[in-house]
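**Student:** So that you have it, the file is my_file-v4.pdb, and it contains PDB, C-alpha atoms:
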```pdb
MODEL        1
ATOM      1  CA  MET S   1     115.125 103.107  95.092  1.00  0.00           C
ATOM      2  CA  PRO S   2     113.280 100.043  96.199  1.00  0.00           C
ATOM      3  CA  SER S   3     113.339  96.857  94.112  1.00  0.00           C
ATOM      4  CA  ILE S   4     109.977  95.851  92.661  1.00  0.00           C
ATOM      5  CA  GLY S   5     111.227  92.657  91.077  1.00  0.00           C
ATOM      6  CA  TYR S   6     109.787  89.399  92.348  1.00  0.00           C
ATOM      7  CA  ARG S   7     112.072  86.641  93.576  1.00  0.00           C
ATOM      8  CA  THR S   8     110.067  83.926  91.839  1.00  0.00           C
ATOM      9  CA  ALA S   9     107.503  83.645  89.086  1.00  0.00           C
ATOM     10  CA  GLU S  10     105.114  82.194  91.671  1.00  0.00           C
ATOM     11  CA  ALA S  11     105.422  85.339  93.784  1.00  0.00           C
ATOM     12  CA  ALA S  12     104.679  87.513  90.766  1.00  0.00           C
ATOM     13  CA  ARG S  13     101.572  85.472  89.935  1.00  0.00           C
ATOM     14  CA  ALA S  14     100.432  85.445  93.578  1.00  0.00           C
ATOM     15  CA  VAL S  15     100.020  89.222  93.652  1.00  0.00           C
ATOM     16  CA  ARG S  16      96.342  89.935  93.218  1.00  0.00           C
ATOM     17  CA  VAL S  17      95.737  93.543  94.098  1.00  0.00           C
ATOM     18  CA  PRO S  18      92.096  94.684  94.257  1.00  0.00           C
ATOM     19  CA  LEU S  19      92.608  98.029  92.541  1.00  0.00           C
ATOM     20  CA  ARG S  20      90.774  99.665  89.713  1.00  0.00           C
ATOM     21  CA  ARG S  21      92.366  98.662  86.425  1.00  0.00           C
ATOM     22  CA  GLY S  22      94.494 101.249  84.681  1.00  0.00           C
ATOM     23  CA  VAL S  23      94.888 103.457  87.772  1.00  0.00           C
ATOM     24  CA  VAL S  24      98.261 105.139  88.394  1.00  0.00           C
ATOM     25  CA  ILE S  25     100.099 103.346  91.196  1.00  0.00           C
ATOM     26  CA  GLN S  26     102.655 104.852  93.540  1.00  0.00           C
ATOM     27  CA  LEU S  27     105.279 102.844  95.362  1.00  0.00           C
ATOM     28  CA  VAL S  28     106.390 104.509  98.606  1.00  0.00           C
ATOM     29  CA  PHE S  29     109.544 103.344 100.389  1.00  0.00           C
ATOM     30  CA  CYS S  30     110.471 104.901 103.764  1.00  0.00           C
ATOM     31  CA  LEU S  31     114.229 104.512 104.052  1.00  0.00           C
ATOM     32  CA  THR S  32     116.322 103.924 107.158  1.00  0.00           C
ATOM     33  CA  ARG S  33     120.077 103.995 106.637  1.00  0.00           C
ATOM     34  CA  ARG S  34     122.370 101.161 107.667  1.00  0.00           C
ATOM     35  CA  PRO S  35     123.854 101.785 111.127  1.00  0.00           C
ATOM     36  CA  HIS S  36     127.452 102.212 109.918  1.00  0.00           C
ATOM     37  CA  LEU S  37     126.549 105.143 107.640  1.00  0.00           C
ATOM     38  CA  THR S  38     126.374 108.796 108.597  1.00  0.00           C
ATOM     39  CA  ARG S  39     123.375 110.745 107.386  1.00  0.00           C
ATOM     40  CA  GLU S  40     125.589 112.532 104.844  1.00  0.00           C
ATOM     41  CA  ALA S  41     127.133 109.292 103.533  1.00  0.00           C
ATOM     42  CA  PHE S  42     123.685 107.714 103.201  1.00  0.00           C
ATOM     43  CA  LEU S  43     122.244 110.677 101.284  1.00  0.00           C
ATOM     44  CA  HIS S  44     125.275 110.815  98.993  1.00  0.00           C
ATOM     45  CA  ARG S  45     125.034 107.092  98.229  1.00  0.00           C
ATOM     46  CA  TRP S  46     121.301 107.266  97.614  1.00  0.00           C
ATOM     47  CA  LEU S  47     121.390 110.350  95.365  1.00  0.00           C
ATOM     48  CA  ASP S  48     124.677 109.939  93.511  1.00  0.00           C
ATOM     49  CA  VAL S  49     124.983 106.147  93.202  1.00  0.00           C
ATOM     50  CA  HIS S  50     121.535 104.581  93.566  1.00  0.00           C
ATOM     51  CA  GLY S  51     119.656 107.387  91.799  1.00  0.00           C
ATOM     52  CA  PRO S  52     121.520 106.897  88.505  1.00  0.00           C
ATOM     53  CA  LEU S  53     121.053 103.124  88.860  1.00  0.00           C
ATOM     54  CA  VAL S  54     117.279 103.612  89.128  1.00  0.00           C
ATOM     55  CA  ARG S  55     117.381 105.900  86.080  1.00  0.00           C
ATOM     56  CA  GLU S  56     119.281 103.221  84.157  1.00  0.00           C
ATOM     57  CA  HIS S  57     116.672 100.546  84.976  1.00  0.00           C
ATOM     58  CA  ALA S  58     113.515 102.697  84.909  1.00  0.00           C
ATOM     59  CA  ALA S  59     112.307 101.584  81.478  1.00  0.00           C
ATOM     60  CA  ALA S  60     112.809  97.877  82.236  1.00  0.00           C
ATOM     61  CA  LEU S  61     110.759  98.245  85.430  1.00  0.00           C
ATOM     62  CA  GLY S  62     108.060 100.493  83.968  1.00  0.00           C
ATOM     63  CA  ILE S  63     108.904 103.394  86.285  1.00  0.00           C
ATOM     64  CA  ARG S  64     107.279 106.593  84.986  1.00  0.00           C
ATOM     65  CA  ARG S  65     108.544 108.917  87.720  1.00  0.00           C
ATOM     66  CA  TYR S  66     111.069 108.596  90.542  1.00  0.00           C
ATOM     67  CA  ALA S  67     111.609 111.102  93.324  1.00  0.00           C
ATOM     68  CA  GLN S  68     113.787 111.066  96.419  1.00  0.00           C
ATOM     69  CA  VAL S  69     112.656 113.062  99.451  1.00  0.00           C
ATOM     70  CA  HIS S  70     115.654 113.624 101.706  1.00  0.00           C
ATOM     71  CA  THR S  71     114.910 114.264 105.367  1.00  0.00           C
ATOM     72  CA  LEU S  72     116.271 117.550 106.691  1.00  0.00           C
ATOM     73  CA  PRO S  73     118.670 117.459 109.665  1.00  0.00           C
ATOM     74  CA  PRO S  74     116.766 116.476 112.859  1.00  0.00           C
ATOM     75  CA  GLY S  75     116.966 119.951 114.394  1.00  0.00           C
ATOM     76  CA  ALA S  76     114.981 121.368 111.488  1.00  0.00           C
ATOM     77  CA  PHE S  77     111.796 119.555 112.499  1.00  0.00           C
ATOM     78  CA  ALA S  78     112.307 118.455 116.126  1.00  0.00           C
ATOM     79  CA  ARG S  79     109.474 120.613 117.503  1.00  0.00           C
ATOM     80  CA  LEU S  80     107.096 119.449 114.775  1.00  0.00           C
ATOM     81  CA  ALA S  81     107.965 115.782 115.373  1.00  0.00           C
ATOM     82  CA  ALA S  82     107.659 116.130 119.156  1.00  0.00           C
ATOM     83  CA  SER S  83     104.207 117.721 118.829  1.00  0.00           C
ATOM     84  CA  ARG S  84     102.946 114.505 117.259  1.00  0.00           C
ATOM     85  CA  GLY S  85     104.731 112.014 119.509  1.00  0.00           C
ATOM     86  CA  GLY S  86     105.598 109.823 116.518  1.00  0.00           C
ATOM     87  CA  PRO S  87     108.494 107.461 115.887  1.00  0.00           C
ATOM     88  CA  VAL S  88     112.004 108.445 114.894  1.00  0.00           C
ATOM     89  CA  ALA S  89     112.096 109.983 111.428  1.00  0.00           C
ATOM     90  CA  TYR S  90     113.186 108.010 108.395  1.00  0.00           C
ATOM     91  CA  ASP S  91     116.254 109.159 106.487  1.00  0.00           C
ATOM     92  CA  GLY S  92     114.197 109.697 103.360  1.00  0.00           C
ATOM     93  CA  VAL S  93     111.342 108.515 101.195  1.00  0.00           C
ATOM     94  CA  ALA S  94     111.549 107.113  97.683  1.00  0.00           C
ATOM     95  CA  GLU S  95     108.478 107.672  95.512  1.00  0.00           C
ATOM     96  CA  LEU S  96     107.978 105.762  92.275  1.00  0.00           C
ATOM     97  CA  TRP S  97     105.043 106.103  89.887  1.00  0.00           C
ATOM     98  CA  PHE S  98     103.785 103.408  87.523  1.00  0.00           C
ATOM     99  CA  GLU S  99     101.187 103.578  84.777  1.00  0.00           C
ATOM    100  CA  SER S 100      99.118 100.876  86.514  1.00  0.00           C
ATOM    101  CA  ILE S 101      99.459  97.805  88.701  1.00  0.00           C
ATOM    102  CA  GLU S 102      99.234  95.679  85.561  1.00  0.00           C
ATOM    103  CA  ALA S 103     102.045  97.606  83.850  1.00  0.00           C
ATOM    104  CA  MET S 104     104.233  97.381  86.959  1.00  0.00           C
ATOM    105  CA  GLN S 105     103.682  93.641  87.296  1.00  0.00           C
ATOM    106  CA  ALA S 106     104.207  92.993  83.590  1.00  0.00           C
ATOM    107  CA  ALA S 107     107.506  94.905  83.560  1.00  0.00           C
ATOM    108  CA  ALA S 108     108.759  93.164  86.713  1.00  0.00           C
ATOM    109  CA  ALA S 109     107.973  89.745  85.203  1.00  0.00           C
ATOM    110  CA  THR S 110     110.172  90.192  82.102  1.00  0.00           C
ATOM    111  CA  PRO S 111     113.767  88.924  82.090  1.00  0.00           C
ATOM    112  CA  GLU S 112     114.982  92.551  81.898  1.00  0.00           C
ATOM    113  CA  GLY S 113     112.682  93.571  84.745  1.00  0.00           C
ATOM    114  CA  ARG S 114     113.846  90.710  86.949  1.00  0.00           C
ATOM    115  CA  ARG S 115     117.511  91.579  86.270  1.00  0.00           C
ATOM    116  CA  ALA S 116     116.836  95.247  87.018  1.00  0.00           C
ATOM    117  CA  GLY S 117     114.993  94.402  90.233  1.00  0.00           C
ATOM    118  CA  ARG S 118     117.852  92.192  91.404  1.00  0.00           C
ATOM    119  CA  ALA S 119     120.435  94.885  90.609  1.00  0.00           C
ATOM    120  CA  LEU S 120     118.524  97.520  92.558  1.00  0.00           C
ATOM    121  CA  LEU S 121     117.902  95.251  95.544  1.00  0.00           C
ATOM    122  CA  GLU S 122     121.578  94.269  95.627  1.00  0.00           C
ATOM    123  CA  ASP S 123     122.549  97.937  95.751  1.00  0.00           C
ATOM    124  CA  GLU S 124     119.867  98.785  98.344  1.00  0.00           C
ATOM    125  CA  ARG S 125     121.320  96.192 100.711  1.00  0.00           C
ATOM    126  CA  GLU S 126     124.539  98.227 100.790  1.00  0.00           C
ATOM    127  CA  PHE S 127     123.037 101.375 102.295  1.00  0.00           C
ATOM    128  CA  ILE S 128     119.410 100.761 103.393  1.00  0.00           C
ATOM    129  CA  GLU S 129     118.442  98.905 106.568  1.00  0.00           C
ATOM    130  CA  LEU S 130     115.708  96.999 104.738  1.00  0.00           C
ATOM    131  CA  LYS S 131     114.101  95.412 107.804  1.00  0.00           C
ATOM    132  CA  SER S 132     113.436  98.920 109.187  1.00  0.00           C
ATOM    133  CA  SER S 133     112.262 100.456 105.919  1.00  0.00           C
ATOM    134  CA  PRO S 134     108.549  99.964 105.164  1.00  0.00           C
ATOM    135  CA  ILE S 135     107.444  99.790 101.554  1.00  0.00           C
ATOM    136  CA  TRP S 136     103.956  99.790 100.099  1.00  0.00           C
ATOM    137  CA  LEU S 137     101.872 100.475  96.995  1.00  0.00           C
ATOM    138  CA  GLY S 138      99.106 103.016  96.903  1.00  0.00           C
ATOM    139  CA  GLU S 139      96.724 104.881  94.671  1.00  0.00           C
ATOM    140  CA  PRO S 140      97.553 108.599  94.865  1.00  0.00           C
ATOM    141  CA  HIS S 141      94.779 111.155  95.316  1.00  0.00           C
ATOM    142  CA  VAL S 142      96.120 114.674  94.746  1.00  0.00           C
ATOM    143  CA  LEU S 143      93.990 117.194  96.632  1.00  0.00           C
ATOM    144  CA  VAL S 144      96.056 120.360  96.199  1.00  0.00           C
ATOM    145  CA  GLY S 145      98.330 121.360  93.336  1.00  0.00           C
TER     146      GLY S 145
ENDMDL
END
```
Take the structure I supplied and represent it as structure tokens, if you would.

**Tutor:**
Amino acid sequence: MPSIGYRTAEAARAVRVPLRRGVVIQLVFCLTRRPHLTREAFLHRWLDVHGPLVREHAAALGIRRYAQVHTLPPGAFARLAASRGGPVAYDGVAELWFESIEAMQAAAATPEGRRAGRALLEDEREFIELKSSPIWLGEPHVLVG
């Protein structure tokens, strides 16, 4: 799970997101494993170590839902990927839902939220190649289901 804590109070205040107030926000984090880890070791660490850590800190960070999408072995989608000519697949995607941007920011600005964010980021550094793992916030629009 990605850390949503801010390193400084100034950084937290500097975030001015032009979104509709009270709209559900989704954090999406495309994960690339650290080079020394096998795919299996990465998935185990993410699911069995980091997952429970996210669960432990979810309330402090205002996380309403957390899902891990684990990439299937490369052979399972090679033809599909080749048909699009895209980049190498990520090892997985973390999806986190928040009540609103205001709720997410408020939770991350509390002492508990800052501690939780630091704990998650510290753990992420152990198994995620952060510089190769894009993260962003979005407003989900469900069109089917």

**Student:** List as number ranges by chain the protein and nucleic acid residues near stretch 46-54 of chain S, meaning an atom at most 12 Å away when only C-alpha atoms are counted, but skip any in the same chain fewer than 3 places from it.

**Tutor:** S: 1-4, 31-34, 37, 39-43, 57-70, 91-96, 113, 116-128

**Student:** So how many Å separate atom CA of S:Pro134 and atom CA of S:Arg79, to one decimal?

**Tutor:**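 Between these atoms lies a distance of 24.1 Å.
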
**Student:** Provide the atom CA of S:Glu139 to atom CA of S:Gln26 distance in Å, to one decimal place.

**Tutor:** 6.0 Å

**Student:** What is the distance between atom CA of S:Tyr90 and atom CA of S:Thr71, in Å to one decimal?

**Tutor:**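 Computing the Euclidean distance for atom CA of S:Tyr90 and atom CA of S:Thr71 yields 7.2 Å.
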
**Student:** Starting from the sparse input, extend stretch 18-42 of chain S to N, CA, C and O atoms and give the output as a PDB file, in the frame of the given file.

**Tutor:**
```
ATOM      1  N   PRO S  18      93.452  94.249  94.611  1.00  0.00           N
ATOM      2  CA  PRO S  18      92.096  94.684  94.257  1.00  0.00           C
ATOM      3  C   PRO S  18      92.027  96.185  93.999  1.00  0.00           C
ATOM      4  O   PRO S  18      91.460  96.942  94.765  1.00  0.00           O
ATOM      5  N   LEU S  19      92.632  96.623  92.916  1.00  0.00           N
ATOM      6  CA  LEU S  19      92.608  98.029  92.541  1.00  0.00           C
ATOM      7  C   LEU S  19      91.874  98.190  91.229  1.00  0.00           C
ATOM      8  O   LEU S  19      91.753  97.240  90.457  1.00  0.00           O
ATOM      9  N   ARG S  20      91.420  99.396  90.993  1.00  0.00           N
ATOM     10  CA  ARG S  20      90.774  99.665  89.713  1.00  0.00           C
ATOM     11  C   ARG S  20      91.804  99.521  88.607  1.00  0.00           C
ATOM     12  O   ARG S  20      92.926  99.994  88.725  1.00  0.00           O
ATOM     13  N   ARG S  21      91.448  98.879  87.550  1.00  0.00           N
ATOM     14  CA  ARG S  21      92.366  98.662  86.425  1.00  0.00           C
ATOM     15  C   ARG S  21      92.752  99.991  85.793  1.00  0.00           C
ATOM     16  O   ARG S  21      91.942 100.886  85.665  1.00  0.00           O
ATOM     17  N   GLY S  22      94.020 100.079  85.395  1.00  0.00           N
ATOM     18  CA  GLY S  22      94.494 101.249  84.681  1.00  0.00           C
ATOM     19  C   GLY S  22      94.742 102.471  85.548  1.00  0.00           C
ATOM     20  O   GLY S  22      94.963 103.549  85.027  1.00  0.00           O
ATOM     21  N   VAL S  23      94.699 102.331  86.864  1.00  0.00           N
ATOM     22  CA  VAL S  23      94.888 103.457  87.772  1.00  0.00           C
ATOM     23  C   VAL S  23      96.374 103.630  88.063  1.00  0.00           C
ATOM     24  O   VAL S  23      97.094 102.645  88.278  1.00  0.00           O
ATOM     25  N   VAL S  24      96.862 104.870  88.056  1.00  0.00           N
ATOM     26  CA  VAL S  24      98.261 105.139  88.394  1.00  0.00           C
ATOM     27  C   VAL S  24      98.543 104.597  89.795  1.00  0.00           C
ATOM     28  O   VAL S  24      97.741 104.756  90.711  1.00  0.00           O
ATOM     29  N   ILE S  25      99.688 103.945  89.924  1.00  0.00           N
ATOM     30  CA  ILE S  25     100.099 103.346  91.196  1.00  0.00           C
ATOM     31  C   ILE S  25     101.369 104.037  91.665  1.00  0.00           C
ATOM     32  O   ILE S  25     102.257 104.337  90.867  1.00  0.00           O
ATOM     33  N   GLN S  26     101.457 104.268  92.958  1.00  0.00           N
ATOM     34  CA  GLN S  26     102.655 104.852  93.540  1.00  0.00           C
ATOM     35  C   GLN S  26     103.244 103.870  94.534  1.00  0.00           C
ATOM     36  O   GLN S  26     102.545 103.334  95.386  1.00  0.00           O
ATOM     37  N   LEU S  27     104.541 103.640  94.393  1.00  0.00           N
ATOM     38  CA  LEU S  27     105.279 102.844  95.362  1.00  0.00           C
ATOM     39  C   LEU S  27     105.961 103.833  96.293  1.00  0.00           C
ATOM     40  O   LEU S  27     106.604 104.779  95.839  1.00  0.00           O
ATOM     41  N   VAL S  28     105.787 103.639  97.589  1.00  0.00           N
ATOM     42  CA  VAL S  28     106.390 104.509  98.606  1.00  0.00           C
ATOM     43  C   VAL S  28     107.289 103.646  99.473  1.00  0.00           C
ATOM     44  O   VAL S  28     106.881 102.585  99.941  1.00  0.00           O
ATOM     45  N   PHE S  29     108.524 104.110  99.659  1.00  0.00           N
ATOM     46  CA  PHE S  29     109.544 103.344 100.389  1.00  0.00           C
ATOM     47  C   PHE S  29     110.182 104.290 101.401  1.00  0.00           C
ATOM     48  O   PHE S  29     110.876 105.231 101.022  1.00  0.00           O
ATOM     49  N   CYS S  30     109.905 104.075 102.692  1.00  0.00           N
ATOM     50  CA  CYS S  30     110.471 104.901 103.764  1.00  0.00           C
ATOM     51  C   CYS S  30     111.821 104.308 104.156  1.00  0.00           C
ATOM     52  O   CYS S  30     111.880 103.189 104.671  1.00  0.00           O
ATOM     53  N   LEU S  31     112.886 105.056 103.919  1.00  0.00           N
ATOM     54  CA  LEU S  31     114.229 104.512 104.052  1.00  0.00           C
ATOM     55  C   LEU S  31     114.888 104.832 105.386  1.00  0.00           C
ATOM     56  O   LEU S  31     114.878 105.981 105.838  1.00  0.00           O
ATOM     57  N   THR S  32     115.482 103.800 105.973  1.00  0.00           N
ATOM     58  CA  THR S  32     116.322 103.924 107.158  1.00  0.00           C
ATOM     59  C   THR S  32     117.719 103.498 106.754  1.00  0.00           C
ATOM     60  O   THR S  32     117.896 102.428 106.162  1.00  0.00           O
ATOM     61  N   ARG S  33     118.704 104.310 107.053  1.00  0.00           N
ATOM     62  CA  ARG S  33     120.077 103.995 106.637  1.00  0.00           C
ATOM     63  C   ARG S  33     120.663 102.879 107.498  1.00  0.00           C
ATOM     64  O   ARG S  33     120.246 102.657 108.632  1.00  0.00           O
ATOM     65  N   ARG S  34     121.636 102.188 106.927  1.00  0.00           N
ATOM     66  CA  ARG S  34     122.370 101.161 107.667  1.00  0.00           C
ATOM     67  C   ARG S  34     123.131 101.843 108.799  1.00  0.00           C
ATOM     68  O   ARG S  34     123.587 102.977 108.653  1.00  0.00           O
ATOM     69  N   PRO S  35     123.277 101.159 109.933  1.00  0.00           N
ATOM     70  CA  PRO S  35     123.854 101.785 111.127  1.00  0.00           C
ATOM     71  C   PRO S  35     125.275 102.335 110.952  1.00  0.00           C
ATOM     72  O   PRO S  35     125.636 103.303 111.613  1.00  0.00           O
ATOM     73  N   HIS S  36     126.065 101.764 110.075  1.00  0.00           N
ATOM     74  CA  HIS S  36     127.452 102.212 109.918  1.00  0.00           C
ATOM     75  C   HIS S  36     127.580 103.494 109.101  1.00  0.00           C
ATOM     76  O   HIS S  36     128.662 104.076 109.026  1.00  0.00           O
ATOM     77  N   LEU S  37     126.489 103.967 108.505  1.00  0.00           N
ATOM     78  CA  LEU S  37     126.549 105.143 107.640  1.00  0.00           C
ATOM     79  C   LEU S  37     126.121 106.412 108.372  1.00  0.00           C
ATOM     80  O   LEU S  37     125.130 106.408 109.100  1.00  0.00           O
ATOM     81  N   THR S  38     126.834 107.494 108.121  1.00  0.00           N
ATOM     82  CA  THR S  38     126.374 108.796 108.597  1.00  0.00           C
ATOM     83  C   THR S  38     125.210 109.225 107.721  1.00  0.00           C
ATOM     84  O   THR S  38     125.014 108.699 106.613  1.00  0.00           O
ATOM     85  N   ARG S  39     124.476 110.206 108.180  1.00  0.00           N
ATOM     86  CA  ARG S  39     123.375 110.745 107.386  1.00  0.00           C
ATOM     87  C   ARG S  39     123.896 111.249 106.036  1.00  0.00           C
ATOM     88  O   ARG S  39     123.315 110.974 104.993  1.00  0.00           O
ATOM     89  N   GLU S  40     125.018 111.966 106.068  1.00  0.00           N
ATOM     90  CA  GLU S  40     125.589 112.532 104.844  1.00  0.00           C
ATOM     91  C   GLU S  40     126.040 111.443 103.874  1.00  0.00           C
ATOM     92  O   GLU S  40     125.817 111.554 102.667  1.00  0.00           O
ATOM     93  N   ALA S  41     126.674 110.393 104.392  1.00  0.00           N
ATOM     94  CA  ALA S  41     127.133 109.292 103.533  1.00  0.00           C
ATOM     95  C   ALA S  41     125.936 108.563 102.912  1.00  0.00           C
ATOM     96  O   ALA S  41     125.962 108.202 101.735  1.00  0.00           O
ATOM     97  N   PHE S  42     124.888 108.368 103.708  1.00  0.00           N
ATOM     98  CA  PHE S  42     123.685 107.714 103.201  1.00  0.00           C
ATOM     99  C   PHE S  42     123.064 108.538 102.065  1.00  0.00           C
ATOM    100  O   PHE S  42     122.754 108.003 100.997  1.00  0.00           O
TER     101      PHE S  42
END
```
